[in-house]
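Colleague: Handing you this structure, nothing more for now.
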Amino acid sequence: MKKSWIITIVSLVIMVPLLLLLVSIKENKAEQQAINAVPDIKKLDPRSSEWGKYFPRQYDSYIQTRKSDEIKDILKDDPNLVVLWAGYGFSKDYNAPRGHFYALEDNINTLRTGAPVDEKTGPMPTACWTCKSPDVPRLIDEIGEHDYFTGAWARFGGEIVNSIGCADCHNNETMQLNVTRDYLKRALDAEGSLKFSDATHQDLRSLVCAQCHVEYYFKPTKWTDENGQEQTAKVVTLPWNNGFAAEDMEEYYDERDFSDWTHKLSKTPMLKAQHPGYETFITGAHGQNGLACADCHMPYVREGGVKYSNHKVGSPLDDIANTCLNCHQGTEKEFKAKIDRKLERKNELAREATDILAKAHLEAARAWELGATEEDMKAALQDIRHGQWRWDYAVAAHGAFFHAPEEILRVLGGAINKAHDARLKLRVILAELGDTNYEAPAYASKEEAQELVGLPMDELVEEKKEFINGLKQEWFEMGKEKGIYDPKLREGMKLKTSFN
Ligand code: HEC
Ligand code: HEC
Ligand code: HEC
Ligand code: HEC
């Protein structure tokens with residue numbers, strides 16, 4: 001080959017990659033400039049696509065939470081839950097969490113929020129919107145916390161129209177992480193181990209999640225409106241004054257004689273655990289070693305020369321290489337197996353707890369039927385209350401089996417103990433009332449259990465469907481008229497529920 005040919009080929013081999021590199025540096029620069037441009041976003045703008053104009057990578061990954069769209073009916077998996085929650089909305093409908101893209105949609109569609117026909121009807125208070133939408137901090141900013149927490153859930157159907165978004169976690173001017181819910185700040189200060197004003201940036205990488213992934217209740221709070229009328233707000237409140245453990249919160253509720261509802265069969269004043277995700281996480285190995293939720297659920301990823309946080313909040317198992325294997329040695333398969341084994345252990349004890357608790361409720365119902373007095377029943381019902389609270393605390397934050405495996409198994413052990421205590425007491429009461437061999441009725445499915453606890457499911461589903469085709473549609477129209485609705489957040493959404 002001629003010398004000049006060789007020179008040409010060699011220089012091409014050198015030049016082409018260099019040119020490509022130059023182009024890519026230029027592109028990265030342009031992108032970096034766009035990212036560095038001062039974003040022009042309105043304060044608390046609930047429309048995430050407006051923020052996405054300045055932060056396309058975060059937005060594109062955030063919108064991918066739509067991929068986690070499967071409905072998993074937990075009542076179907078364990079019909080005992082229908083009995084455990086008799087007389088309370090959860091016995092009608094309860095599904096495993098899906099992606100943040102669906103948070104608002106699932107809140108509107110669940111049978112638990114009922115079928116309102118106007119802004120005053122429906123079983124739930126406004127507080128039920130609180131961890132579903134960036135329209136919540138916007139509304140609180142506009143009308144004040146007390147007014148926001150007053151009235152029926154349907155009151156704000158036309159105001160709360162966007163699922164969880166940028167404004168829930170970020171300041172519009174600085175893009176700094178931002179806690180937009182004051183009840184979290186108050187609860188941290190009351191608990192005392194981490195005052196909100198001392199929170200570091202790493203703390204905030206968990207606290208933005210703790211705005212929603214926590215235990216809470218609705219605290220009745222009196223206030224006077226601008227017309228001098230006395231009103232009662234139901235304010236989201238985290239029961240943290242005595243600490244984060246199951247027993248600490250149980251004590252908090254007992255001190256206040258608080259119950260979420262009275263059990264339909266056993267007449268126990270019950271507690272419903274919500275999802276104490278933050279509280280349980282900080283007791284585990286990762287929490288104790290200073291990790292934050294974002295370390296596993298929003299890992300940094302690289303694209304070209306740009307490093308950013310993956311906003312597709314979901315299962316870390318989808319990206320073990322960028323999460324677990326950043327710190328641990330091993331293979332993806334090993335880590336998946338480790339997590340599966342932890343889940344099995346939790347499920348084994350949790351299933352045992354729900355079996356015994358369901359029997360205790362049914363046996364208590366039998367004792368009432370035979371004429372037991374409140375005095376007879378008091379101690380047994382207290383055991384049911386405490387046992388079911390502990391079980392619920394351990395399982396309701398769906399990731400806790402992994403975040404804090406030892407603590408969760410300990411609390412489930414406590415739940416099983418308390419439930420057995422209740423049944424022993426009930427055996428004595430039943431024997432005294434002449435029924436020594438009582439056997440609680442059996443049920444093989446969610447449907448049979450729902451019939452047993454007297455739920456008119458066909459009627460509830462019918463009403464709900466009417467609501468979904470009627471008032472629900474009007475709400476998004478109202479949001480559109482107000483200019484707050486972001487249609488991109490519902491693009492391609494299909495109606496998926498446990499009942500359609
Ligand atoms: C404004 C309230 C809110 C905030 C803030 C929030 N979440 Fe969620 N999260 C929810 C709700 C509600 C769901 C359930 C959505 C559904 O099932 O429709 C959920 C679901 C999830 C899921 C399940 C996703 C799936 O695909 O199964 C994970 C994991 C999760 N959140 C983690 C986090 C982490 C980590 C943070 C902080 C970076 C966070 N969340 C911040 C309310 C919130
Ligand atoms: C549930 C809370 C949450 C939501 C919702 C959220 N972010 Fe973030 N965001 C975070 C966390 C946590 C970080 C990591 C911060 C850090 O490590 O400095 C982050 C980081 C960022 C950063 C800094 C660069 C980076 O990638 O680390 C930008 C920019 C950003 N988010 C934009 C957005 C935009 C745009 C949206 C809406 C489409 C959004 N975020 C929604 C929690 C959230
Ligand atoms: C060390 C990594 C790690 C950290 C840190 C972490 N998680 Fe998780 N999380 C996991 C794993 C692993 C799972 C189980 C995922 C699965 O089973 O698919 C999980 C599950 C979850 C789930 C249940 C998801 C579902 O669909 O059932 C939620 C919600 C959740 N985590 C929220 C949080 C919150 C909130 C924090 C911070 C308070 C946090 N996580 C911190 C690793 C982590
Ligand atoms: C940022 C670093 C970091 C990441 C990311 C991380 N870990 Fe860890 N992990 C730790 C540290 C630190 C400990 C505590 C080690 C000790 O106490 O000796 C730990 C402990 C553990 C343990 C033993 C304690 C227990 O709870 O059983 C397991 C199992 C584990 N990690 C699994 C995982 C999995 C699975 C993931 C991914 C979903 C993950 N880790 C992600 C740092 C990390």
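Residues in the structure tokens are named by chain (A, B, ... in the order shown) and by number from 1 within that chain; ligands are numbered from 1 in the order shown.
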Grab me every residue within 8 Å of ligand 2, counting only C-alpha atoms and all ligand atoms, and send it over as a PyMOL selection string.
Modeller: chain A and resi 35+48-49+51-63+164-170+175-177+201-202+204-206+208-209+293-294+298+300+307-311+313
Colleague: Which residues are near ligand 1 - at most 8 Å, using only C-alpha atoms and all ligand atoms? Format: as a ChimeraX atom specification.
Modeller: /A:65,67-69,95-107,130-134,164-165,168-169,205-213,293-294,296-298,313-316,399
Colleague: DSSP on the backbone, then: every residue of region 157-333 of chain A marked helix (DSSP H, G or I), written as number ranges by chain.
Modeller: A: 166-169, 182-191, 196-198, 201-210, 246-255, 277-281, 285-288, 293-297, 316-322, 324-327, 332-333
Colleague: Measuring atom to atom with only C-alpha atoms and all ligand atoms, identify which of A:Glu303, A:Asp77, A:Asp318, A:Asp435 is nearest to ligand 3.
Modeller: A:Asp318
Colleague: So that I can see what lies close to Asp182 (chain A), please list as a list of chain:residue names the residues with an atom at most 10 Å from it, counting only C-alpha atoms and leaving out residues fewer than 4 positions away in the same chain.
Modeller: A:Pro137, A:Glu145, A:Arg186, A:Ala187, A:Gln211, A:Val236, A:Thr237
Colleague: Given the choices A:Leu343, A:Ala379, A:Ile408, A:Val136, which gets closest to ligand 3 if the distance is worked out from only C-alpha atoms and all ligand atoms?
Modeller: A:Leu343
Colleague: Write down as a list in words the residues of region 240-407 of chain A whose backbone DSSP state falls under strand (DSSP E or B).
Modeller: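 Matching residues for strand (DSSP E or B) in region 240-407 of chain A are Trp261, Thr262, Pro269, Met270, Tyr300, Val301, Arg302, Glu303, Val306, Lys307, Tyr308 and Ser309 of chain A.
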Colleague: Those same residues, written as a PDB file, in the first residue's frame with C-alpha atoms?
Modeller:
ATOM      1  CA  TRP A 261     -62.865   3.249  63.791  1.00  0.00           C
ATOM      2  CA  THR A 262     -64.850   0.770  65.878  1.00  0.00           C
ATOM      3  CA  PRO A 269     -61.660   0.637  69.128  1.00  0.00           C
ATOM      4  CA  MET A 270     -59.144   0.078  66.319  1.00  0.00           C
ATOM      5  CA  TYR A 300     -27.420   8.793  40.104  1.00  0.00           C
ATOM      6  CA  VAL A 301     -27.106   7.757  36.493  1.00  0.00           C
ATOM      7  CA  ARG A 302     -24.769   8.943  33.754  1.00  0.00           C
ATOM      8  CA  GLU A 303     -25.804   9.795  30.230  1.00  0.00           C
ATOM      9  CA  VAL A 306     -24.225  14.325  32.416  1.00  0.00           C
ATOM     10  CA  LYS A 307     -24.892  12.859  35.828  1.00  0.00           C
ATOM     11  CA  TYR A 308     -28.395  13.174  37.255  1.00  0.00           C
ATOM     12  CA  SER A 309     -30.772  11.540  39.729  1.00  0.00           C
TER      13      SER A 309
END
Colleague: Set the cut-off to 10 Å, count only C-alpha atoms and all ligand atoms, and list whatever residues fall near ligand 4 as a ChimeraX atom specification.
Modeller: /A:281,283-297,299,315-329,332,334-340,342,401-407
Colleague: Please provide the set of residues having any atom within 8 Å of Ala360 (chain A), restricted to only C-alpha atoms, with same-chain residues fewer than 4 positions apart removed, written as a ChimeraX atom specification.
Modeller: /A:356,364,384,419,422-423,426
Colleague: Point out the residue among A:Asn241, A:Asn80, A:Ser163, A:Thr150 with the least atom-to-atom distance to Gln450 (chain A), counting only C-alpha atoms.
Modeller: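 Closest to Gln450 (chain A) of all the choices is A:Asn80.
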Colleague: Which of these residues is nearest to Lys465 (chain A), using only C-alpha atoms: A:Ala115, A:Leu184, A:Ile74, A:Ala449?
Modeller: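 Of A:Ala115, A:Leu184, A:Ile74, A:Ala449, the one nearest Lys465 (chain A), counting only C-alpha atoms, is A:Ala115.
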Colleague: When distances are computed from only C-alpha atoms and all ligand atoms, which of A:Trp129, A:Tyr278, A:Tyr252, A:Phe90 shows the smallest separation from ligand 3?
Modeller: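 Nearest to ligand 3: A:Tyr278.
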Colleague: Which is closest to Glu432 (chain A) among A:Ala394, A:Met249, A:Leu370, A:Cys128, if we use only C-alpha atoms?
Modeller: A:Leu370
